[in-house]
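Below is one structure, written out as structure tokens; comments come after it.
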Amino acid sequence: MTALLSLRGVTAHYGASQALFGIDLDIAPGEFVTLLGRNGMGKSTTVKAVMGLNPATRGAISFDGADIGRLPSYKVAQRGIGLVPEGRHVFPNLSVRENLVATAHNRQGVAHPWTLERVYGLFPRLSERAKHLGSHLSGGEQQMLAIGRALMTNPDLLILDEATEGLAPLIVAEIWRIIRDIRATGMSTLIVDRNYRAVLEHTDRCLVMEKGLIVQDGDSASLARQPEQLTRYLGV
Ligand SMILES: Nc1ncnc2c1ncn2[C@@H]1O[C@H](COP(=O)(O)OP(=O)(O)OP(=O)(O)O)[C@@H](O)[C@H]1O
Ligand SMILES: [Mg+2]
């Protein structure tokens with residue numbers, strides 16, 4: 001099958017310091033994939049390279065058959081990659097509704113697009129808070145808003161970076177329920193999350209990073225059954 005997202009030999013730097021050392025990665029249409037690894041191994045840097053937020057210094061990134069490696073991030077988003085960034089970054093001075101429509105984009109060919117009504121259906125809480133400012137929301141509500149906002153761009157690939165970070169257990173369970181619902185729609189998704197048990201349960205495939213490289217690419221369910229591998233890769 002042709003990959004939807006494909007990285008070949010991607011390197012990335014922060015100033016003089018190198019963070020990625022040659023990433024090869026493929027995500028097929030409809031695949032649910034997780035990127036795992038200890039702190040500081042390069043997961044968010046990989047996401048930022050894909051999104052053009054901290055562009056790759058070498059290598060190639062293609063999406064849906066087109067080279068996106070040199071595109072600014074708003075163009076990457078327009079091509080069909082929706083990001084829920086680490087730290088959420090909702091617009092604090094816009095209302096919930098305004099946050100959702102600000103970057104909304106019904107790209108051509110989307111048969112069953114995400115609309116305000118559909119996002120409110122997935123997150124009834126956002127509907128109740130529609131007129132409240134982003135800055136007045138709880139952490140869980142901000143996370144729901146960040147996911148809703150990414151869905152409103154009608155992406156072909158959704159990337160979630162630490163979507164359950166710092167949230168209360170009940171809210172975390174709610175976010176996983178939503179991720180299951182999104183999975184059922186067939187949208188391709190890349191999930192980065194500290195809760196390796198949950199993320200392995202909710203994905204088909206896992207990629208493991210160590211020091212700026214992918215060191216393992218396999219089946220999520222089988223990694224979940226290998227405690228010595230989990231200890232080695234994640235220190236758990
Ligand atoms: N803005 C930055 N400036 C300089 N170095 C950075 C910056 N962001 C990340 N790094 C460094 O790049 C490397 C990879 O970091 P990255 O944020 O990609 O890790 P991560 O796998 O997402 O970790 P975490 O699990 O903590 O989110 C680390 O050594 C980190 O210190
Ligand atoms: Mg990170």
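Here, A, B, ... name the chains of the structure tokens in the order displayed, residue numbers run from 1 inside each chain, and ligands are numbered from 1 in the same displayed order.
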Which residues are near ligand 1 - at most 8 Å, using only C-alpha atoms and all ligand atoms? Format: as a PDB file with all heavy atoms, in the first residue's frame.
```pdb
ATOM      1  N   HIS A  13      17.490  19.863  13.845  1.00  0.00           N
ATOM      2  CA  HIS A  13      18.380  20.515  14.812  1.00  0.00           C
ATOM      3  C   HIS A  13      17.628  21.602  15.557  1.00  0.00           C
ATOM      4  O   HIS A  13      16.664  22.156  15.055  1.00  0.00           O
ATOM      5  CB  HIS A  13      19.558  21.180  14.083  1.00  0.00           C
ATOM      6  CG  HIS A  13      20.500  20.223  13.407  1.00  0.00           C
ATOM      7  ND1 HIS A  13      20.145  19.496  12.297  1.00  0.00           N
ATOM      8  CD2 HIS A  13      21.792  19.894  13.701  1.00  0.00           C
ATOM      9  CE1 HIS A  13      21.180  18.747  11.917  1.00  0.00           C
ATOM     10  NE2 HIS A  13      22.193  18.971  12.763  1.00  0.00           N
ATOM     11  N   TYR A  14      18.124  21.908  16.756  1.00  0.00           N
ATOM     12  CA  TYR A  14      17.740  23.144  17.449  1.00  0.00           C
ATOM     13  C   TYR A  14      19.028  23.955  17.527  1.00  0.00           C
ATOM     14  O   TYR A  14      19.922  23.602  18.305  1.00  0.00           O
ATOM     15  CB  TYR A  14      17.210  22.857  18.848  1.00  0.00           C
ATOM     16  CG  TYR A  14      15.884  22.125  18.838  1.00  0.00           C
ATOM     17  CD1 TYR A  14      15.825  20.752  19.091  1.00  0.00           C
ATOM     18  CD2 TYR A  14      14.695  22.794  18.566  1.00  0.00           C
ATOM     19  CE1 TYR A  14      14.614  20.074  19.075  1.00  0.00           C
ATOM     20  CE2 TYR A  14      13.477  22.123  18.545  1.00  0.00           C
ATOM     21  CZ  TYR A  14      13.446  20.762  18.808  1.00  0.00           C
ATOM     22  OH  TYR A  14      12.244  20.102  18.787  1.00  0.00           O
ATOM     23  N   GLY A  15      19.155  24.951  16.689  1.00  0.00           N
ATOM     24  CA  GLY A  15      20.419  25.662  16.606  1.00  0.00           C
ATOM     25  C   GLY A  15      21.504  24.682  16.204  1.00  0.00           C
ATOM     26  O   GLY A  15      21.361  23.951  15.210  1.00  0.00           O
ATOM     27  N   SER A  17      22.436  22.138  17.967  1.00  0.00           N
ATOM     28  CA  SER A  17      22.283  20.824  18.591  1.00  0.00           C
ATOM     29  C   SER A  17      21.346  19.921  17.771  1.00  0.00           C
ATOM     30  O   SER A  17      20.214  20.297  17.445  1.00  0.00           O
ATOM     31  CB  SER A  17      21.822  21.050  20.038  1.00  0.00           C
ATOM     32  OG  SER A  17      20.800  20.194  20.372  1.00  0.00           O
ATOM     33  N   GLN A  18      21.847  18.741  17.407  1.00  0.00           N
ATOM     34  CA  GLN A  18      21.069  17.832  16.562  1.00  0.00           C
ATOM     35  C   GLN A  18      20.137  16.981  17.409  1.00  0.00           C
ATOM     36  O   GLN A  18      20.546  16.414  18.421  1.00  0.00           O
ATOM     37  CB  GLN A  18      22.024  16.941  15.743  1.00  0.00           C
ATOM     38  CG  GLN A  18      21.277  16.090  14.726  1.00  0.00           C
ATOM     39  CD  GLN A  18      22.161  15.498  13.650  1.00  0.00           C
ATOM     40  OE1 GLN A  18      23.383  15.704  13.651  1.00  0.00           O
ATOM     41  NE2 GLN A  18      21.561  14.769  12.728  1.00  0.00           N
ATOM     42  N   ALA A  19      18.867  16.891  17.003  1.00  0.00           N
ATOM     43  CA  ALA A  19      17.879  16.120  17.764  1.00  0.00           C
ATOM     44  C   ALA A  19      17.379  14.894  17.008  1.00  0.00           C
ATOM     45  O   ALA A  19      16.991  13.901  17.617  1.00  0.00           O
ATOM     46  CB  ALA A  19      16.711  17.016  18.146  1.00  0.00           C
ATOM     47  N   LEU A  20      17.359  14.931  15.680  1.00  0.00           N
ATOM     48  CA  LEU A  20      16.965  13.759  14.884  1.00  0.00           C
ATOM     49  C   LEU A  20      18.131  13.373  13.979  1.00  0.00           C
ATOM     50  O   LEU A  20      18.765  14.234  13.375  1.00  0.00           O
ATOM     51  CB  LEU A  20      15.721  14.056  14.024  1.00  0.00           C
ATOM     52  CG  LEU A  20      14.439  14.455  14.757  1.00  0.00           C
ATOM     53  CD1 LEU A  20      13.308  14.674  13.747  1.00  0.00           C
ATOM     54  CD2 LEU A  20      14.030  13.426  15.809  1.00  0.00           C
ATOM     55  N   LEU A  36       6.565   5.979  20.451  1.00  0.00           N
ATOM     56  CA  LEU A  36       6.902   5.873  21.871  1.00  0.00           C
ATOM     57  C   LEU A  36       8.378   6.183  22.093  1.00  0.00           C
ATOM     58  O   LEU A  36       9.175   6.163  21.159  1.00  0.00           O
ATOM     59  CB  LEU A  36       6.641   4.443  22.368  1.00  0.00           C
ATOM     60  CG  LEU A  36       5.204   3.942  22.398  1.00  0.00           C
ATOM     61  CD1 LEU A  36       5.192   2.466  22.825  1.00  0.00           C
ATOM     62  CD2 LEU A  36       4.366   4.750  23.361  1.00  0.00           C
ATOM     63  N   GLY A  37       8.724   6.409  23.338  1.00  0.00           N
ATOM     64  CA  GLY A  37      10.126   6.643  23.690  1.00  0.00           C
ATOM     65  C   GLY A  37      10.199   7.452  24.962  1.00  0.00           C
ATOM     66  O   GLY A  37       9.247   8.145  25.307  1.00  0.00           O
ATOM     67  N   ARG A  38      11.344   7.325  25.645  1.00  0.00           N
ATOM     68  CA  ARG A  38      11.516   8.090  26.882  1.00  0.00           C
ATOM     69  C   ARG A  38      11.556   9.595  26.596  1.00  0.00           C
ATOM     70  O   ARG A  38      11.627  10.001  25.441  1.00  0.00           O
ATOM     71  CB  ARG A  38      12.837   7.705  27.548  1.00  0.00           C
ATOM     72  CG  ARG A  38      12.886   6.269  27.997  1.00  0.00           C
ATOM     73  CD  ARG A  38      14.260   5.998  28.564  1.00  0.00           C
ATOM     74  NE  ARG A  38      14.599   4.610  28.345  1.00  0.00           N
ATOM     75  CZ  ARG A  38      15.150   3.818  29.270  1.00  0.00           C
ATOM     76  NH1 ARG A  38      15.459   4.289  30.445  1.00  0.00           N
ATOM     77  NH2 ARG A  38      15.396   2.568  28.992  1.00  0.00           N
ATOM     78  N   ASN A  39      11.602  10.378  27.664  1.00  0.00           N
ATOM     79  CA  ASN A  39      11.666  11.837  27.534  1.00  0.00           C
ATOM     80  C   ASN A  39      12.877  12.254  26.715  1.00  0.00           C
ATOM     81  O   ASN A  39      13.967  11.706  26.889  1.00  0.00           O
ATOM     82  CB  ASN A  39      11.809  12.508  28.907  1.00  0.00           C
ATOM     83  CG  ASN A  39      10.548  12.367  29.729  1.00  0.00           C
ATOM     84  OD1 ASN A  39       9.521  11.930  29.224  1.00  0.00           O
ATOM     85  ND2 ASN A  39      10.626  12.720  30.987  1.00  0.00           N
ATOM     86  N   GLY A  40      12.656  13.225  25.848  1.00  0.00           N
ATOM     87  CA  GLY A  40      13.775  13.841  25.131  1.00  0.00           C
ATOM     88  C   GLY A  40      14.352  13.003  23.999  1.00  0.00           C
ATOM     89  O   GLY A  40      15.419  13.315  23.472  1.00  0.00           O
ATOM     90  N   MET A  41      13.650  11.938  23.571  1.00  0.00           N
ATOM     91  CA  MET A  41      14.194  11.064  22.522  1.00  0.00           C
ATOM     92  C   MET A  41      13.934  11.590  21.111  1.00  0.00           C
ATOM     93  O   MET A  41      14.521  11.096  20.143  1.00  0.00           O
ATOM     94  CB  MET A  41      13.613   9.647  22.669  1.00  0.00           C
ATOM     95  CG  MET A  41      14.124   8.939  23.910  1.00  0.00           C
ATOM     96  SD  MET A  41      15.917   8.815  23.865  1.00  0.00           S
ATOM     97  CE  MET A  41      16.286   8.247  25.504  1.00  0.00           C
ATOM     98  N   GLY A  42      13.000  12.560  21.002  1.00  0.00           N
ATOM     99  CA  GLY A  42      12.787  13.177  19.686  1.00  0.00           C
ATOM    100  C   GLY A  42      11.386  13.007  19.114  1.00  0.00           C
ATOM    101  O   GLY A  42      11.160  13.293  17.934  1.00  0.00           O
ATOM    102  N   LYS A  43      10.425  12.603  19.956  1.00  0.00           N
ATOM    103  CA  LYS A  43       9.063  12.393  19.451  1.00  0.00           C
ATOM    104  C   LYS A  43       8.446  13.714  18.972  1.00  0.00           C
ATOM    105  O   LYS A  43       7.966  13.809  17.843  1.00  0.00           O
ATOM    106  CB  LYS A  43       8.195  11.748  20.548  1.00  0.00           C
ATOM    107  CG  LYS A  43       8.789  10.449  21.097  1.00  0.00           C
ATOM    108  CD  LYS A  43       7.946   9.837  22.197  1.00  0.00           C
ATOM    109  CE  LYS A  43       7.759  10.680  23.435  1.00  0.00           C
ATOM    110  NZ  LYS A  43       9.004  10.867  24.232  1.00  0.00           N
ATOM    111  N   SER A  44       8.471  14.721  19.851  1.00  0.00           N
ATOM    112  CA  SER A  44       7.879  16.012  19.458  1.00  0.00           C
ATOM    113  C   SER A  44       8.677  16.653  18.329  1.00  0.00           C
ATOM    114  O   SER A  44       8.098  17.338  17.476  1.00  0.00           O
ATOM    115  CB  SER A  44       7.820  16.966  20.657  1.00  0.00           C
ATOM    116  OG  SER A  44       6.957  16.438  21.633  1.00  0.00           O
ATOM    117  N   THR A  45       9.974  16.432  18.311  1.00  0.00           N
ATOM    118  CA  THR A  45      10.793  17.004  17.232  1.00  0.00           C
ATOM    119  C   THR A  45      10.409  16.377  15.888  1.00  0.00           C
ATOM    120  O   THR A  45      10.367  17.064  14.864  1.00  0.00           O
ATOM    121  CB  THR A  45      12.290  16.775  17.536  1.00  0.00           C
ATOM    122  OG1 THR A  45      12.571  17.323  18.828  1.00  0.00           O
ATOM    123  CG2 THR A  45      13.169  17.457  16.504  1.00  0.00           C
ATOM    124  N   THR A  46      10.091  15.082  15.895  1.00  0.00           N
ATOM    125  CA  THR A  46       9.632  14.418  14.671  1.00  0.00           C
ATOM    126  C   THR A  46       8.314  15.041  14.204  1.00  0.00           C
ATOM    127  O   THR A  46       8.139  15.364  13.027  1.00  0.00           O
ATOM    128  CB  THR A  46       9.451  12.902  14.927  1.00  0.00           C
ATOM    129  OG1 THR A  46      10.702  12.373  15.373  1.00  0.00           O
ATOM    130  CG2 THR A  46       8.992  12.171  13.683  1.00  0.00           C
ATOM    131  N   VAL A  47       7.402  15.236  15.167  1.00  0.00           N
ATOM    132  CA  VAL A  47       6.113  15.853  14.849  1.00  0.00           C
ATOM    133  C   VAL A  47       6.334  17.268  14.292  1.00  0.00           C
ATOM    134  O   VAL A  47       5.726  17.662  13.290  1.00  0.00           O
ATOM    135  CB  VAL A  47       5.224  15.896  16.121  1.00  0.00           C
ATOM    136  CG1 VAL A  47       4.003  16.771  15.912  1.00  0.00           C
ATOM    137  CG2 VAL A  47       4.834  14.480  16.540  1.00  0.00           C
ATOM    138  N   GLU A  86       1.617  19.423  21.676  1.00  0.00           N
ATOM    139  CA  GLU A  86       1.978  19.284  23.082  1.00  0.00           C
ATOM    140  C   GLU A  86       1.703  20.642  23.735  1.00  0.00           C
ATOM    141  O   GLU A  86       2.114  21.677  23.220  1.00  0.00           O
ATOM    142  CB  GLU A  86       3.479  18.959  23.139  1.00  0.00           C
ATOM    143  CG  GLU A  86       3.937  18.331  24.415  1.00  0.00           C
ATOM    144  CD  GLU A  86       5.419  17.906  24.331  1.00  0.00           C
ATOM    145  OE1 GLU A  86       6.152  18.371  23.440  1.00  0.00           O
ATOM    146  OE2 GLU A  86       5.827  17.116  25.193  1.00  0.00           O
ATOM    147  N   GLU A 162       0.882  14.105  23.195  1.00  0.00           N
ATOM    148  CA  GLU A 162       0.598  14.176  24.639  1.00  0.00           C
ATOM    149  C   GLU A 162      -0.794  14.747  24.922  1.00  0.00           C
ATOM    150  O   GLU A 162      -0.948  15.674  25.715  1.00  0.00           O
ATOM    151  CB  GLU A 162       1.657  15.016  25.372  1.00  0.00           C
ATOM    152  CG  GLU A 162       3.088  14.628  25.084  1.00  0.00           C
ATOM    153  CD  GLU A 162       3.526  13.290  25.696  1.00  0.00           C
ATOM    154  OE1 GLU A 162       2.694  12.616  26.333  1.00  0.00           O
ATOM    155  OE2 GLU A 162       4.700  12.921  25.490  1.00  0.00           O
ATOM    156  N   ARG A 194       2.373   9.408  26.968  1.00  0.00           N
ATOM    157  CA  ARG A 194       3.170   8.764  28.013  1.00  0.00           C
ATOM    158  C   ARG A 194       2.557   7.471  28.531  1.00  0.00           C
ATOM    159  O   ARG A 194       3.264   6.619  29.047  1.00  0.00           O
ATOM    160  CB  ARG A 194       3.287   9.710  29.215  1.00  0.00           C
ATOM    161  CG  ARG A 194       4.503  10.566  29.158  1.00  0.00           C
ATOM    162  CD  ARG A 194       4.457  11.633  30.224  1.00  0.00           C
ATOM    163  NE  ARG A 194       4.609  12.930  29.582  1.00  0.00           N
ATOM    164  CZ  ARG A 194       5.762  13.391  29.115  1.00  0.00           C
ATOM    165  NH1 ARG A 194       6.858  12.693  29.232  1.00  0.00           N
ATOM    166  NH2 ARG A 194       5.822  14.557  28.516  1.00  0.00           N
ATOM    167  N   MET A 209      11.322   5.331  19.614  1.00  0.00           N
ATOM    168  CA  MET A 209      12.468   6.211  19.373  1.00  0.00           C
ATOM    169  C   MET A 209      13.467   6.138  20.507  1.00  0.00           C
ATOM    170  O   MET A 209      13.101   6.040  21.677  1.00  0.00           O
ATOM    171  CB  MET A 209      12.017   7.669  19.237  1.00  0.00           C
ATOM    172  CG  MET A 209      11.246   7.936  17.970  1.00  0.00           C
ATOM    173  SD  MET A 209      11.074   9.703  17.653  1.00  0.00           S
ATOM    174  CE  MET A 209      12.736  10.107  17.111  1.00  0.00           C
ATOM    175  N   LYS A 211      17.117   8.348  21.227  1.00  0.00           N
ATOM    176  CA  LYS A 211      18.148   9.322  20.826  1.00  0.00           C
ATOM    177  C   LYS A 211      18.056   9.740  19.366  1.00  0.00           C
ATOM    178  O   LYS A 211      19.045   9.670  18.615  1.00  0.00           O
ATOM    179  CB  LYS A 211      19.533   8.749  21.130  1.00  0.00           C
ATOM    180  CG  LYS A 211      19.726   8.518  22.621  1.00  0.00           C
ATOM    181  CD  LYS A 211      21.085   7.947  22.924  1.00  0.00           C
ATOM    182  CE  LYS A 211      21.197   7.657  24.414  1.00  0.00           C
ATOM    183  NZ  LYS A 211      22.305   6.754  24.718  1.00  0.00           N
ATOM    184  N   GLY A 212      16.878  10.173  18.975  1.00  0.00           N
ATOM    185  CA  GLY A 212      16.733  10.742  17.641  1.00  0.00           C
ATOM    186  C   GLY A 212      16.679   9.746  16.510  1.00  0.00           C
ATOM    187  O   GLY A 212      16.824  10.119  15.344  1.00  0.00           O
TER     188      GLY A 212
END
```
Cut-off 10 Å: closest stretch 77-186 of chain A/stretch 60-64 of chain A atom pairs per residue, using only C-alpha atoms, as CSV:
```
residue,atom,partner,partner_atom,distance
A:Arg79,CA,A:Phe63,CA,7.9
A:Gly80,CA,A:Phe63,CA,8.6
A:Ile81,CA,A:Phe63,CA,8.7
A:Asp156,CA,A:Asp64,CA,9.0
A:Leu157,CA,A:Phe63,CA,9.4
```
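Atom CA of A:Phe32 lies 16.7 Å from atom CA of A:Val50.
A straight line drawn from atom CA of A:Gly30 to atom CA of A:His112 is 15.2 Å long.
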Margin query: My list of candidates is A:Leu100, A:Val110, A:Leu35, A:Ala168. Which is closest to ligand 2 when distances are computed with only C-alpha atoms and all ligand atoms?
Written below: A:Leu35
Next item on the list: Within 12 Å of A:Arg107, counting only C-alpha atoms, which residues show up once you throw out same-chain ones fewer than 2 positions away? Write them as a PyMOL selection string, please.
Entry: chain A and resi 77-81+103-105+109-115+151-156
What does the file look like for those residues with C-alpha atoms, as a tab-separated table (two decimals), in the first residue's frame?
```
chain	number	residue	atom	x	y	z
A	77	ALA	CA	-2.16	21.82	7.58
A	78	GLN	CA	-3.93	22.72	4.34
A	79	ARG	CA	-2.55	19.56	2.74
A	80	GLY	CA	-4.44	17.55	5.35
A	81	ILE	CA	-2.40	17.05	8.52
A	103	THR	CA	-8.77	27.34	11.31
A	104	ALA	CA	-11.66	25.19	10.02
A	105	HIS	CA	-11.20	23.97	6.52
A	109	GLY	CA	-13.18	15.46	-1.43
A	110	VAL	CA	-14.10	15.08	2.23
A	111	ALA	CA	-17.30	13.06	2.01
A	112	HIS	CA	-18.45	13.36	5.63
A	113	PRO	CA	-16.76	16.53	6.91
A	114	TRP	CA	-16.26	17.51	10.52
A	115	THR	CA	-18.55	20.46	11.27
A	151	LEU	CA	-10.79	17.74	13.44
A	152	MET	CA	-12.41	20.89	12.00
A	153	THR	CA	-9.54	21.10	9.50
A	154	ASN	CA	-10.84	17.76	8.18
A	155	PRO	CA	-7.39	16.18	8.13
A	156	ASP	CA	-6.40	12.93	6.43
```
Next item on the list: Identify, with DSSP run on backbone atoms, the residues in stretch 90-183 of chain A assigned to helix (DSSP H, G or I), and express the list as a PyMOL selection string.
Entry: chain A and resi 96-102+116-122+124-128+134-136+139-151+169-183
Please produce a file of the residues just selected, as a CSV table (one decimal), in the first residue's frame, where the atoms kept are N, CA and C atoms.
```csv
chain,number,residue,atom,x,y,z
A,96,VAL,N,-14.8,29.4,22.5
A,96,VAL,CA,-14.7,28.0,22.1
A,96,VAL,C,-15.1,27.9,20.6
A,97,ARG,N,-16.3,28.5,20.3
A,97,ARG,CA,-16.8,28.4,19.0
A,97,ARG,C,-15.8,29.1,18.0
A,98,GLU,N,-15.2,30.2,18.4
A,98,GLU,CA,-14.3,30.9,17.5
A,98,GLU,C,-13.0,30.1,17.3
A,99,ASN,N,-12.5,29.5,18.4
A,99,ASN,CA,-11.4,28.6,18.3
A,99,ASN,C,-11.6,27.5,17.2
A,100,LEU,N,-12.9,27.0,17.3
A,100,LEU,CA,-13.2,25.8,16.4
A,100,LEU,C,-13.3,26.3,14.9
A,101,VAL,N,-13.8,27.5,14.7
A,101,VAL,CA,-14.0,27.9,13.3
A,101,VAL,C,-12.8,28.6,12.7
A,102,ALA,N,-11.9,29.1,13.6
A,102,ALA,CA,-10.8,30.0,13.1
A,102,ALA,C,-9.9,29.3,12.1
A,116,LEU,N,-19.1,22.0,13.0
A,116,LEU,CA,-19.3,22.4,14.4
A,116,LEU,C,-20.3,21.4,15.1
A,117,GLU,N,-21.3,21.1,14.4
A,117,GLU,CA,-22.4,20.2,15.0
A,117,GLU,C,-21.8,18.9,15.3
A,118,ARG,N,-20.9,18.4,14.4
A,118,ARG,CA,-20.4,17.0,14.6
A,118,ARG,C,-19.3,17.1,15.8
A,119,VAL,N,-18.6,18.1,15.9
A,119,VAL,CA,-17.6,18.2,17.0
A,119,VAL,C,-18.3,18.4,18.3
A,120,TYR,N,-19.4,19.2,18.3
A,120,TYR,CA,-20.2,19.3,19.5
A,120,TYR,C,-20.9,18.0,19.9
A,121,GLY,N,-21.2,17.2,18.9
A,121,GLY,CA,-21.7,15.9,19.2
A,121,GLY,C,-20.7,15.0,19.9
A,122,LEU,N,-19.4,15.1,19.5
A,122,LEU,CA,-18.4,14.3,20.1
A,122,LEU,C,-18.0,14.8,21.4
A,124,PRO,N,-19.9,17.1,23.9
A,124,PRO,CA,-21.1,17.9,24.4
A,124,PRO,C,-20.6,19.1,25.3
A,125,ARG,N,-19.6,18.8,26.1
A,125,ARG,CA,-19.1,19.9,27.0
A,125,ARG,C,-18.6,21.1,26.2
A,126,LEU,N,-18.1,21.0,25.0
A,126,LEU,CA,-17.7,22.2,24.3
A,126,LEU,C,-18.9,23.0,23.8
A,127,SER,N,-20.0,22.2,23.5
A,127,SER,CA,-21.2,22.9,23.1
A,127,SER,C,-21.7,23.8,24.3
A,128,GLU,N,-21.7,23.2,25.5
A,128,GLU,CA,-22.2,24.0,26.7
A,128,GLU,C,-21.3,25.2,26.9
A,134,GLY,N,-11.2,30.7,25.5
A,134,GLY,CA,-10.3,29.6,25.7
A,134,GLY,C,-9.5,29.7,27.0
A,135,SER,N,-9.2,30.9,27.5
A,135,SER,CA,-8.4,31.0,28.7
A,135,SER,C,-9.3,30.6,29.9
A,136,HIS,N,-10.6,30.6,29.8
A,136,HIS,CA,-11.5,30.3,30.9
A,136,HIS,C,-11.8,28.8,31.1
A,139,GLY,N,-8.3,22.4,32.0
A,139,GLY,CA,-7.3,21.7,31.2
A,139,GLY,C,-7.9,20.7,30.2
A,140,GLY,N,-8.9,19.9,30.8
A,140,GLY,CA,-9.6,18.9,30.0
A,140,GLY,C,-10.4,19.5,28.9
A,141,GLU,N,-11.0,20.6,29.2
A,141,GLU,CA,-11.8,21.3,28.1
A,141,GLU,C,-10.9,21.9,27.0
A,142,GLN,N,-9.8,22.4,27.5
A,142,GLN,CA,-8.8,22.9,26.5
A,142,GLN,C,-8.3,21.8,25.5
A,143,GLN,N,-8.1,20.6,26.1
A,143,GLN,CA,-7.7,19.5,25.3
A,143,GLN,C,-8.7,19.1,24.3
A,144,MET,N,-10.0,19.0,24.8
A,144,MET,CA,-11.1,18.7,23.9
A,144,MET,C,-11.1,19.7,22.8
A,145,LEU,N,-11.0,21.0,23.1
A,145,LEU,CA,-11.0,22.0,22.1
A,145,LEU,C,-9.9,21.9,21.1
A,146,ALA,N,-8.7,21.5,21.6
A,146,ALA,CA,-7.5,21.4,20.7
A,146,ALA,C,-7.8,20.2,19.7
A,147,ILE,N,-8.4,19.1,20.2
A,147,ILE,CA,-8.8,18.0,19.3
A,147,ILE,C,-9.9,18.4,18.3
A,148,GLY,N,-10.9,19.1,18.9
A,148,GLY,CA,-12.0,19.5,18.0
A,148,GLY,C,-11.5,20.5,16.9
A,149,ARG,N,-10.6,21.3,17.3
A,149,ARG,CA,-10.1,22.3,16.3
A,149,ARG,C,-9.3,21.6,15.2
A,150,ALA,N,-8.5,20.6,15.6
A,150,ALA,CA,-7.8,19.8,14.6
A,150,ALA,C,-8.8,19.0,13.7
A,151,LEU,N,-9.8,18.5,14.3
A,151,LEU,CA,-10.8,17.7,13.4
A,151,LEU,C,-11.5,18.7,12.4
A,169,PRO,N,-7.9,11.6,35.8
A,169,PRO,CA,-8.2,10.2,35.2
A,169,PRO,C,-9.5,10.2,34.5
A,170,LEU,N,-10.5,10.8,35.0
A,170,LEU,CA,-11.9,10.7,34.4
A,170,LEU,C,-11.8,11.4,33.0
A,171,ILE,N,-11.1,12.5,32.9
A,171,ILE,CA,-11.0,13.2,31.6
A,171,ILE,C,-10.1,12.4,30.7
A,172,VAL,N,-9.1,11.8,31.2
A,172,VAL,CA,-8.2,10.9,30.4
A,172,VAL,C,-9.0,9.8,29.7
A,173,ALA,N,-9.9,9.2,30.5
A,173,ALA,CA,-10.7,8.1,30.0
A,173,ALA,C,-11.7,8.7,28.9
A,174,GLU,N,-12.1,9.9,29.1
A,174,GLU,CA,-13.0,10.5,28.1
A,174,GLU,C,-12.2,10.8,26.8
A,175,ILE,N,-11.0,11.2,26.9
A,175,ILE,CA,-10.2,11.5,25.7
A,175,ILE,C,-9.9,10.2,25.0
A,176,TRP,N,-9.7,9.1,25.7
A,176,TRP,CA,-9.5,7.8,25.0
A,176,TRP,C,-10.7,7.3,24.3
A,177,ARG,N,-11.9,7.6,25.0
A,177,ARG,CA,-13.2,7.3,24.3
A,177,ARG,C,-13.3,8.0,23.0
A,178,ILE,N,-12.9,9.3,23.0
A,178,ILE,CA,-13.0,10.1,21.8
A,178,ILE,C,-12.0,9.6,20.7
A,179,ILE,N,-10.8,9.2,21.2
A,179,ILE,CA,-9.8,8.7,20.2
A,179,ILE,C,-10.4,7.4,19.6
A,180,ARG,N,-11.1,6.5,20.4
A,180,ARG,CA,-11.7,5.3,19.8
A,180,ARG,C,-12.7,5.7,18.8
A,181,ASP,N,-13.5,6.7,19.1
A,181,ASP,CA,-14.5,7.2,18.1
A,181,ASP,C,-13.9,7.6,16.8
A,182,ILE,N,-12.8,8.4,16.9
A,182,ILE,CA,-12.1,8.9,15.8
A,182,ILE,C,-11.5,7.7,15.0
A,183,ARG,N,-11.0,6.7,15.7
A,183,ARG,CA,-10.4,5.5,15.0
A,183,ARG,C,-11.5,4.8,14.2
```
Checklist line | All strand (DSSP E or B) positions in stretch 75-169 of chain A, as number ranges by chain | finding: A: 81-84, 95, 133, 157-161
Notebook entry, point to check: In Å, how far is it from atom CA of A:Gly22 to atom CA of A:Val10?
Noted result: 4.5 Å
Next item on the list: Name the residues in contact with stretch 24-27 of chain A at a cut-off of 8 Å, using only C-alpha atoms, excluding same-chain residues fewer than 3 positions from it; report them as a ChimeraX atom specification.
Entry: /A:3-10,31,33,188,214
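The smallest atom-to-atom distance between A:Thr231 and any of A:Asp204, A:Leu213, A:Tyr196, A:Asn93, using only C-alpha atoms, is found for A:Tyr196.
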Item checked: All residues 7 Å or closer to A:Asp193, only C-alpha atoms, same chain fewer than 5 positions away omitted, as a PyMOL selection string -> chain A and resi 161-163+199
Can you spit out the residues from that selection as a CSV table (one decimal), in the first residue's frame, using all heavy atoms?
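Result file follows (again.csv):
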```csv
chain,number,residue,atom,x,y,z
A,161,ASP,N,-0.1,15.0,20.1
A,161,ASP,CA,1.2,14.9,20.9
A,161,ASP,C,0.8,15.2,22.4
A,161,ASP,O,0.5,16.3,22.8
A,161,ASP,CB,2.2,16.0,20.4
A,161,ASP,CG,3.6,15.8,21.0
A,161,ASP,OD1,3.8,14.8,21.8
A,161,ASP,OD2,4.5,16.5,20.6
A,162,GLU,N,0.9,14.1,23.2
A,162,GLU,CA,0.6,14.2,24.6
A,162,GLU,C,-0.8,14.7,24.9
A,162,GLU,O,-0.9,15.7,25.7
A,162,GLU,CB,1.7,15.0,25.4
A,162,GLU,CG,3.1,14.6,25.1
A,162,GLU,CD,3.5,13.3,25.7
A,162,GLU,OE1,2.7,12.6,26.3
A,162,GLU,OE2,4.7,12.9,25.5
A,163,ALA,N,-1.8,14.1,24.3
A,163,ALA,CA,-3.2,14.6,24.4
A,163,ALA,C,-3.8,14.4,25.8
A,163,ALA,O,-4.8,15.0,26.2
A,163,ALA,CB,-4.1,14.0,23.4
A,199,VAL,N,-2.0,3.6,25.1
A,199,VAL,CA,-1.7,3.9,23.7
A,199,VAL,C,-1.4,2.6,22.9
A,199,VAL,O,-1.8,2.5,21.7
A,199,VAL,CB,-0.5,4.9,23.6
A,199,VAL,CG1,0.8,4.3,23.6
A,199,VAL,CG2,-0.7,5.8,22.3
```
